Every structure is written in structure tokens, then in C-alpha cells.
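Here is the file coords.txt (compact mmCIF, C-alpha atoms).
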```txt
# COMPACT_ATOMS: atom_id res chain seq x y z
CA MET A 134 -0.89 -14.56 -20.91
CA ARG A 135 -1.96 -14.35 -17.29
CA ASP A 136 -5.27 -15.62 -15.99
CA PRO A 137 -8.00 -13.48 -17.64
CA GLU A 138 -9.63 -13.17 -14.21
CA GLN A 139 -6.56 -11.28 -12.95
CA LYS A 140 -6.87 -8.80 -15.80
CA LYS A 141 -10.56 -8.29 -14.94
CA LYS A 142 -9.64 -7.65 -11.31
CA ALA A 143 -7.04 -5.08 -12.36
CA GLU A 144 -9.54 -3.28 -14.56
CA ALA A 145 -12.16 -3.34 -11.80
CA PHE A 146 -9.64 -2.00 -9.28
CA ARG A 147 -8.61 0.83 -11.61
CA ALA A 148 -12.27 1.77 -12.12
CA MET A 149 -12.70 2.12 -8.34
CA HIS A 150 -10.37 5.13 -8.51
CA THR A 151 -12.57 7.05 -10.93
CA GLY A 152 -16.08 6.43 -9.62
CA ALA A 153 -17.99 8.21 -6.93
CA GLY A 154 -16.41 8.32 -3.48
CA ALA A 155 -13.01 6.85 -2.69
CA VAL A 156 -11.39 3.44 -2.51
CA LEU A 157 -10.96 2.65 1.19
CA LEU A 158 -8.08 0.28 1.95
CA PRO A 159 -7.42 -0.99 5.49
CA ASN A 160 -4.01 -2.55 4.90
CA VAL A 161 -3.37 -6.19 5.83
CA TRP A 162 -0.28 -8.22 6.64
CA ASP A 163 -1.31 -11.90 6.45
CA VAL A 164 -4.13 -14.17 5.35
CA ALA A 165 -6.07 -13.88 8.61
CA SER A 166 -6.13 -10.08 8.52
CA ALA A 167 -7.02 -10.17 4.82
CA ARG A 168 -9.96 -12.48 5.42
CA ILE A 169 -11.24 -10.27 8.25
CA ILE A 170 -11.21 -7.22 5.93
CA GLU A 171 -12.74 -9.13 3.02
CA GLU A 172 -15.50 -10.46 5.27
CA ALA A 173 -16.18 -6.90 6.47
CA GLY A 174 -17.30 -6.06 2.93
CA PHE A 175 -14.44 -4.02 1.47
CA GLU A 176 -14.08 -3.94 -2.33
CA ALA A 177 -10.31 -4.38 -2.39
CA ILE A 178 -7.37 -5.04 -0.09
CA ALA A 179 -3.94 -3.44 0.21
CA THR A 180 -0.94 -5.02 1.87
CA THR A 181 1.34 -3.13 4.23
CA SER A 182 5.03 -3.67 3.58
CA ALA A 183 5.90 -2.56 7.11
CA GLY A 184 3.30 -4.89 8.63
CA ILE A 185 4.51 -7.87 6.61
CA ALA A 186 8.12 -7.08 7.52
CA PHE A 187 7.30 -6.71 11.23
CA ALA A 188 5.35 -9.98 11.25
CA GLN A 189 8.37 -11.79 9.80
CA GLY A 190 10.92 -10.24 12.13
CA PHE A 191 12.32 -7.42 9.98
CA PRO A 192 12.29 -3.63 10.45
CA ASP A 193 10.60 -1.51 7.79
CA GLY A 194 12.62 0.02 4.97
CA GLN A 195 13.37 -2.76 2.45
CA LYS A 196 15.09 -4.94 5.06
CA ILE A 197 12.92 -7.96 4.29
CA PRO A 198 14.18 -10.01 1.33
CA ALA A 199 12.12 -9.34 -1.78
CA ASP A 200 11.21 -12.99 -2.24
CA GLN A 201 9.79 -13.18 1.28
CA MET A 202 7.67 -10.09 0.63
CA VAL A 203 6.37 -11.51 -2.64
CA THR A 204 5.61 -14.87 -1.01
CA ALA A 205 3.55 -13.14 1.69
CA ILE A 206 1.66 -11.21 -1.00
CA ALA A 207 1.02 -14.48 -2.89
CA HIS A 208 -0.45 -16.14 0.21
CA ILE A 209 -2.80 -13.19 0.73
CA ALA A 210 -3.85 -12.90 -2.91
CA SER A 211 -4.53 -16.63 -3.21
CA ALA A 212 -6.75 -16.62 -0.13
CA ILE A 213 -9.28 -13.94 -1.10
CA ARG A 214 -11.53 -13.15 -4.03
CA ILE A 215 -11.33 -9.35 -4.18
CA PRO A 216 -8.48 -7.37 -5.83
CA VAL A 217 -5.18 -7.07 -3.94
CA THR A 218 -2.76 -4.18 -4.31
CA ALA A 219 0.74 -4.82 -2.98
CA ASP A 220 3.06 -2.43 -1.18
CA VAL A 221 6.56 -3.26 -2.40
CA GLU A 222 8.35 -0.21 -1.00
CA ALA A 223 10.90 1.12 -3.55
CA GLY A 224 11.03 -2.07 -5.60
CA TYR A 225 14.00 -3.75 -3.85
CA GLY A 226 16.72 -2.27 -6.03
CA GLN A 227 17.51 1.05 -7.66
CA ARG A 228 17.64 0.01 -11.32
CA PRO A 229 14.69 -0.04 -13.72
CA GLU A 230 15.44 -3.75 -14.11
CA ASP A 231 14.84 -4.20 -10.37
CA ALA A 232 11.50 -2.44 -10.60
CA ALA A 233 10.54 -4.66 -13.53
CA ARG A 234 11.57 -7.82 -11.67
CA THR A 235 9.56 -6.82 -8.61
CA THR A 236 6.55 -5.99 -10.78
CA ARG A 237 6.73 -9.42 -12.39
CA GLY A 238 6.82 -10.99 -8.93
CA VAL A 239 3.80 -8.97 -7.79
CA ILE A 240 1.78 -9.99 -10.86
CA GLU A 241 2.81 -13.63 -10.60
CA ALA A 242 1.76 -13.51 -6.92
CA GLY A 243 -1.77 -12.64 -8.08
CA ALA A 244 -1.89 -8.97 -7.10
CA VAL A 245 -3.33 -6.36 -9.47
CA GLY A 246 -1.98 -3.16 -7.95
CA MET A 247 1.36 -1.94 -6.68
CA ASN A 248 2.64 0.80 -4.37
CA PHE A 249 6.00 2.19 -5.46
CA GLU A 250 7.84 4.86 -3.50
CA ASP A 251 10.75 7.19 -4.16
CA ALA A 252 12.52 6.94 -0.80
CA THR A 253 16.08 5.57 -0.88
CA GLY A 254 16.76 5.01 2.81
CA VAL A 255 20.04 6.90 2.37
CA GLY A 256 20.49 9.94 4.55
CA ASP A 257 22.37 12.28 2.21
CA HIS A 258 20.02 11.65 -0.75
CA PRO A 259 16.70 10.46 0.69
CA LEU A 260 14.75 10.55 -2.59
CA THR A 261 15.56 8.75 -5.83
CA GLU A 262 16.70 11.15 -8.53
CA LEU A 263 13.61 12.08 -10.53
CA THR A 264 14.82 10.96 -13.96
CA LEU A 265 15.70 7.52 -12.58
CA GLN A 266 12.39 7.24 -10.77
CA LEU A 267 10.53 7.95 -14.00
CA GLU A 268 12.54 5.26 -15.78
CA ARG A 269 11.58 2.81 -13.05
CA ILE A 270 7.90 3.76 -13.33
CA ARG A 271 8.02 3.19 -17.09
CA ALA A 272 9.64 -0.20 -16.48
CA ILE A 273 6.72 -1.12 -14.22
CA ARG A 274 4.23 -0.12 -16.89
CA GLU A 275 6.10 -2.05 -19.59
CA THR A 276 6.19 -5.19 -17.45
CA GLY A 277 2.45 -5.03 -16.87
CA ASP A 278 1.90 -4.62 -20.61
CA GLU A 279 4.19 -7.56 -21.34
CA LEU A 280 2.28 -9.80 -18.93
CA ARG A 281 -1.06 -8.39 -20.08
CA VAL A 282 -2.13 -7.39 -16.58
CA PRO A 283 -2.88 -3.63 -16.40
CA ILE A 284 -1.41 -3.32 -12.93
CA VAL A 285 -2.72 -0.28 -11.04
CA LEU A 286 0.34 1.74 -10.09
CA ASN A 287 0.20 3.96 -7.00
CA ALA A 288 3.33 6.12 -7.16
CA ARG A 289 4.41 7.65 -3.87
CA THR A 290 6.65 10.50 -2.88
CA ASP A 291 8.01 10.86 0.64
CA VAL A 292 8.72 14.60 0.49
CA TYR A 293 6.29 15.27 3.34
CA LEU A 294 6.73 12.02 5.25
CA LEU A 295 10.50 12.50 5.51
CA GLN A 296 10.17 16.30 5.87
CA ILE A 297 12.63 16.93 3.08
CA GLY A 298 13.81 20.48 2.42
CA GLU A 299 12.42 23.75 3.71
CA PRO A 300 8.74 23.49 4.78
CA SER A 301 7.83 26.36 2.44
CA ARG A 302 9.16 24.43 -0.57
CA ARG A 303 7.73 20.98 0.16
CA TYR A 304 4.41 21.53 -1.55
CA ASP A 305 5.91 22.57 -4.87
CA GLU A 306 8.45 19.75 -4.80
CA ALA A 307 5.88 17.10 -3.91
CA VAL A 308 3.45 18.24 -6.61
CA ARG A 309 6.26 18.46 -9.17
CA ARG A 310 7.32 14.89 -8.51
CA LEU A 311 3.76 13.54 -8.37
CA ALA A 312 2.85 15.24 -11.66
CA GLU A 313 5.86 13.62 -13.32
CA PHE A 314 4.88 10.23 -11.87
CA ARG A 315 1.36 10.70 -13.23
CA ASP A 316 2.64 11.60 -16.68
CA ALA A 317 5.02 8.62 -16.70
CA GLY A 318 2.10 6.23 -16.24
CA ALA A 319 1.02 6.14 -12.59
CA ASP A 320 -2.70 5.53 -12.15
CA CYS A 321 -2.78 7.15 -8.71
CA VAL A 322 -0.30 9.24 -6.74
CA PHE A 323 0.37 8.97 -3.02
CA VAL A 324 1.65 11.63 -0.64
CA PRO A 325 1.86 10.29 2.92
CA GLY A 326 2.55 12.75 5.71
CA VAL A 327 -0.03 15.36 4.68
CA ARG A 328 -2.87 15.80 7.16
CA ASP A 329 -4.35 19.29 6.79
CA ALA A 330 -7.41 19.61 4.62
CA GLU A 331 -6.29 22.77 2.83
CA THR A 332 -3.08 21.20 1.52
CA ILE A 333 -4.86 17.98 0.54
CA GLY A 334 -7.47 19.95 -1.39
CA ARG A 335 -4.76 21.90 -3.23
CA ILE A 336 -2.94 18.71 -4.19
CA VAL A 337 -6.11 17.16 -5.61
CA ALA A 338 -6.97 20.33 -7.55
CA ASP A 339 -3.47 20.82 -8.94
CA LEU A 340 -2.81 17.24 -10.00
CA LYS A 341 -6.22 16.42 -11.49
CA CYS A 342 -5.71 12.67 -11.07
CA PRO A 343 -6.55 10.11 -8.37
CA VAL A 344 -4.78 10.98 -5.12
CA ASN A 345 -4.08 8.59 -2.22
CA ILE A 346 -4.01 9.97 1.33
CA LEU A 347 -2.79 8.03 4.36
CA GLY A 348 -5.41 7.96 7.09
CA VAL A 349 -3.82 8.43 10.53
CA PRO A 350 -4.94 10.03 13.80
CA GLY A 351 -5.31 13.72 13.05
CA SER A 352 -6.19 13.24 9.38
CA PRO A 353 -9.53 14.43 8.02
CA SER A 354 -12.24 11.79 8.26
CA VAL A 355 -13.15 9.59 5.31
CA PRO A 356 -16.23 11.73 4.43
CA GLU A 357 -14.11 14.88 4.65
CA LEU A 358 -11.42 13.42 2.37
CA VAL A 359 -14.05 12.34 -0.14
CA LYS A 360 -15.46 15.87 -0.12
CA LEU A 361 -11.95 17.16 -0.90
CA GLY A 362 -11.84 14.90 -3.96
CA VAL A 363 -9.48 12.23 -2.60
CA LYS A 364 -9.97 8.97 -4.51
CA ARG A 365 -7.99 6.54 -2.38
CA ILE A 366 -7.57 6.29 1.39
CA SER A 367 -5.22 3.76 2.93
CA LEU A 368 -4.17 3.06 6.52
CA GLY A 369 -0.61 1.81 6.06
CA SER A 370 0.82 -0.17 8.95
CA GLY A 371 -1.73 1.40 11.32
CA PRO A 372 -4.06 -1.64 11.50
CA MET A 373 -1.18 -4.02 12.22
CA ARG A 374 0.32 -1.75 14.87
CA SER A 375 -3.13 -1.27 16.39
CA ALA A 376 -3.51 -5.02 16.68
CA LEU A 377 -0.12 -5.20 18.40
CA GLY A 378 -1.15 -2.38 20.71
CA PHE A 379 -4.23 -4.40 21.65
CA LEU A 380 -2.02 -7.43 22.33
CA ARG A 381 0.24 -5.30 24.53
CA LYS A 382 -2.77 -4.19 26.60
CA LEU A 383 -3.98 -7.78 26.92
CA ALA A 384 -0.54 -8.95 28.02
CA GLU A 385 -0.33 -6.18 30.62
CA GLN A 386 -3.80 -7.00 31.95
CA VAL A 387 -3.00 -10.69 32.36
CA LYS A 388 0.34 -9.88 33.96
CA THR A 389 -0.93 -7.25 36.42
CA SER A 390 -4.52 -8.22 37.28
CA GLY A 391 -4.77 -11.80 36.16
CA THR A 392 -7.95 -11.10 34.21
CA TYR A 393 -8.81 -11.52 30.53
CA THR A 394 -11.45 -8.96 29.63
CA TRP A 395 -9.35 -7.55 26.77
CA MET A 396 -10.21 -10.74 24.87
CA GLU A 397 -13.92 -9.91 24.93
CA GLY A 398 -15.23 -9.21 21.44
CA ALA A 399 -12.53 -11.24 19.71
CA PRO A 400 -13.61 -13.47 16.80
CA SER A 401 -14.48 -16.91 18.12
CA HIS A 402 -12.40 -19.98 17.36
CA ALA A 403 -15.26 -21.29 15.22
CA GLU A 404 -15.54 -18.00 13.33
CA MET A 405 -11.84 -17.98 12.49
CA ASN A 406 -11.99 -21.62 11.40
CA LYS A 407 -14.85 -20.72 9.08
CA LEU A 408 -12.95 -17.71 7.66
CA MET A 409 -9.91 -19.87 6.97
CA SER A 410 -11.80 -22.85 5.53
CA GLY A 411 -12.20 -21.25 2.11
CA THR A 412 -8.67 -19.94 1.70
CA ARG A 413 -6.22 -21.14 -0.89
CA THR A 414 -2.47 -21.04 -0.53
CA PRO A 415 0.23 -21.14 -3.23
CA ASN A 416 1.12 -24.65 -4.37
CA SER A 417 -1.69 -26.17 -2.31
```

Structure encoded using C-alpha cells:
Amino acid sequence: MRDPEQKKKAEAFRAMHTGAGAVLLPNVWDVASARIIEEAGFEAIATTSAGIAFAQGFPDGQKIPADQMVTAIAHIASAIRIPVTADVEAGYGQRPEDAARTTRGVIEAGAVGMNFEDATGVGDHPLTELTLQLERIRAIRETGDELRVPIVLNARTDVYLLQIGEPSRRYDEAVRRLAEFRDAGADCVFVPGVRDAETIGRIVADLKCPVNILGVPGSPSVPELVKLGVKRISLGSGPMRSALGFLRKLAEQVKTSGTYTWMEGAPSHAEMNKLMSGTRTPNS
């Protein structure tokens, strides 16, 4: 049996999806970013698979080795006290056995939630066949049961993100897949790529389960999404890319004007030392 504290964290994280308001998750990519978000007072933390991959020199899209992804998740989960949900893309393999293996790695890393998508990365069949995806979702659930950690599964479809099929048919296809994911055991369903309030409201009303929306420029605000009934709002790789955009501006300023004002407002050296002083790392 896993640490009872991990089970409690999983149960607490699941409950966040059914209470008032929405779970707000600014995604992180390393221990430093996780500690910044924890210190800011958030109730839980999500990792960004793209951000972790970028930070380790890989493009997004399951190019990073699974063990490196899991190790990064373990470092983050061991360094903070609040629940961590891990983005593990499509599970690093197409078989249900692969999904189960990845789930075991996520739980052993100390995370209590898991993002699982249906994209394949293959041009002529961009989404995993629905029957297979449902088998993989059930394998995730069974692995959590076996390890006695009720992992909070956020099942994602990329119908809108990848703009699959005719625009007029995307809504029905996305809702069909998400409803099947829900019925197969997903705790929350995720549909990135949708920004207009009317469509988001319809999805929430039709699915009648916790829905995750990706917050990006042009999306409804957090209060607007909460009013629509959205229960989970995440930021994906946006925070990591924003930090890199800030670094790009700083580099350009130093190169062109020789000044450093872009560093104003940064956490002090002493503040970062203090944030890191309480962290724990695997095998430390």
C-alpha cells in the first residue's frame, strides 16, 4: 500500500473538482516554478509535459523518454506539500499496458492526478481509436485501484486543438469522446482549443461532469469560466513559455542597450534560497 498521505491528497484533489468555484492550475516544469506557485497560495499544482520536455531539450509530443518525464515529476512532487497532478501526454505507448505502466510511474513519483490525451502524433490517424482509448483509461483506473491511490484522471481529447474533421462536426465528436471517457472512469474531461463561452457552456451542460478548460489569451476570464460551470482551469505550457519570453526580452535589452531593468521585480537571491531550503528530492 502507498503512503496513506498520498491517498488523502488524491481524495482532497478530487474534492476540489466538485466544490464551489474551479480548481486553478498554473502549470509548472521544475521544482523552482513549483515552489513559486505553492508559495503563491494555490491549492494544487499541475505539471506541463511540454514545459518539462522543453527544459530538458526535447520538443513536445512524447519525444522525451518516459523515465525522464517521471523523474521530473518525482522531483516536483517531493519538493512541495500540496497535491500534484502530472501531464503524461498519451501515456508513452499505445497499449493499455503502457498506460498502466505510466500510471504506476506517476503514482510512485508521488503525484495524485494524471492528464491523459488521445492524440497519436500520427498524421493520417491523429486520434487514438475510441475503443482502444477506453481500454487504456480503464487500465489507468485499475492501476490506481491496485496501488490504492485513487488517482484523479483528467481525460483529454484533441478534436478542437488539432482541428480534426469539419468544423460543424467537431462539437458532436468531442462531446461523444469525452462522454465515453467520463463513463470509462475519468474524473474530469479536458478539451483544449475551445475559447468561446457559448461552446464551453454547452460542453459543461451536456457532459454534466467536471470540465477542464485551457486558459490562453482570448479565453474567457477565470470568473467567466466559473460562471459557465467550468470546474478546472489550467494554463498548459503558457507559464513556461511566458518565462522564456521574459528571458528573451531581458537578453535583447542587455544586448542592445546594455541595461538590466527587465530584472526588476525578480525574486531575490535570498528569497529563492529560502524557497528551496525546504524542498526534498528523490533519494535525498

* Asked: By how many Å are CA of Pro343 in chain A and CA of Gln227 in chain A apart?
  ->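 About the pair CA of Pro343 in chain A and CA of Gln227 in chain A: they are 25.7 Å apart.
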
* Do a neighbour search on Ala223 in chain A at 10 Å with all atoms listed in the file, toss out local chain neighbours closer than 4 positions, and write the hits as an MDAnalysis selection string. => chainID A and resid 194:195 227 231:232 235 248:254 261 266 269 288:289

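The closest residue to Ile185 in chain A, picked from A:Gln139, A:Thr276, A:Ser370, A:Ser410 and counting only C-alpha atoms, is A:Ser370.
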
* Go through A:Gly391, A:Gly184, A:Pro192, A:Gly152 and flag the residue nearest Gly371 in chain A, using all atoms listed in the file for the distances. =>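 Between A:Gly391, A:Gly184, A:Pro192, A:Gly152, the residue approaching Gly371 in chain A most closely is A:Gly184.
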
* Asked: Hey, what's within 9 Å of Thr236 in chain A if we count only C-alpha atoms and toss same-chain stuff fewer than 6 positions away? As a VMD selection string, please?
  -> chain A and resid 221 224 247 272 to 274 276 to 277 284

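Within the 10 Å cut-off around Pro198 in chain A, using all atoms listed in the file and omitting residues fewer than 6 positions from it on the same chain, the listed residues are A:Ala186, A:Phe191, A:Tyr225.
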
Output, as JSON, the centre and edge lengths in Å (one decimal) of the axis-aligned box that contains all listed atoms of range 395-399 of chain A with 5 Å of margin on each side.
```
{"center_x": -12.3, "center_y": -9.4, "center_z": 23.2, "size_x": 15.9, "size_y": 13.7, "size_z": 17.1}
```

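Nearest to Asn287 in chain A of all the residues A:Gly351, A:Pro259, A:Gly318, A:Gly238 is A:Gly318, based on all atoms listed in the file.
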
* Which residue, A:Asp291, A:Gly243, A:Lys364, A:Ala207, has the smallest gap to Val308 in chain A when you use all atoms listed in the file? ->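 Checking each candidate against Val308 in chain A, we get A:Asp291 as the closest.
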
* Non-local contacts of Trp162 in chain A (12 Å; all atoms listed in the file; under 6 positions in same chain excluded) as a ChimeraX atom specification -> /A:168-170,178-189,202-210,217-220,368-374,376

* **Among the residues A:Ile270, A:Ile213, A:Leu280, A:Val355, the one that comes closest to Phe314 in chain A [using only C-alpha atoms]** => A:Ile270

* **Selected residue, from A:Gly378, A:Gly362, A:Gly398, A:Pro325, that lies nearest to Val337 in chain A when counting only C-alpha atoms** =>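 So, comparing all the options, the nearest one is A:Gly362.
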
* Quick one: everything within 8 Å of Lys142 in chain A, counting all atoms listed in the file, minus sequence neighbours fewer than 2 positions away in the same chain. Send it as an MDAnalysis selection string. => chainID A and resid 138:140 144:146 215:216 245

Please produce an output containing C-alpha atoms for each residue in the selection, written as an mmCIF file, keeping the file's coordinate frame.
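Written file, selection_4.cif:
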```cif
data_model
loop_
_atom_site.group_PDB
_atom_site.id
_atom_site.type_symbol
_atom_site.label_atom_id
_atom_site.label_comp_id
_atom_site.auth_asym_id
_atom_site.auth_seq_id
_atom_site.Cartn_x
_atom_site.Cartn_y
_atom_site.Cartn_z
ATOM 1 C CA GLU A 138 -9.630 -13.170 -14.210
ATOM 2 C CA GLN A 139 -6.560 -11.280 -12.950
ATOM 3 C CA LYS A 140 -6.870 -8.800 -15.800
ATOM 4 C CA GLU A 144 -9.540 -3.280 -14.560
ATOM 5 C CA ALA A 145 -12.160 -3.340 -11.800
ATOM 6 C CA PHE A 146 -9.640 -2.000 -9.280
ATOM 7 C CA ILE A 215 -11.330 -9.350 -4.180
ATOM 8 C CA PRO A 216 -8.480 -7.370 -5.830
ATOM 9 C CA VAL A 245 -3.330 -6.360 -9.470
#
```

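Note that the spacing between CA of Glu385 in chain A and CA of Pro350 in chain A amounts to 23.8 Å.
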
* Please indicate the distance in Å from CA of Gly154 in chain A to CA of Ala244 in chain A, rounded to one decimal place. =>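 Taking CA of Gly154 in chain A and CA of Ala244 in chain A, their separation equals 22.9 Å.
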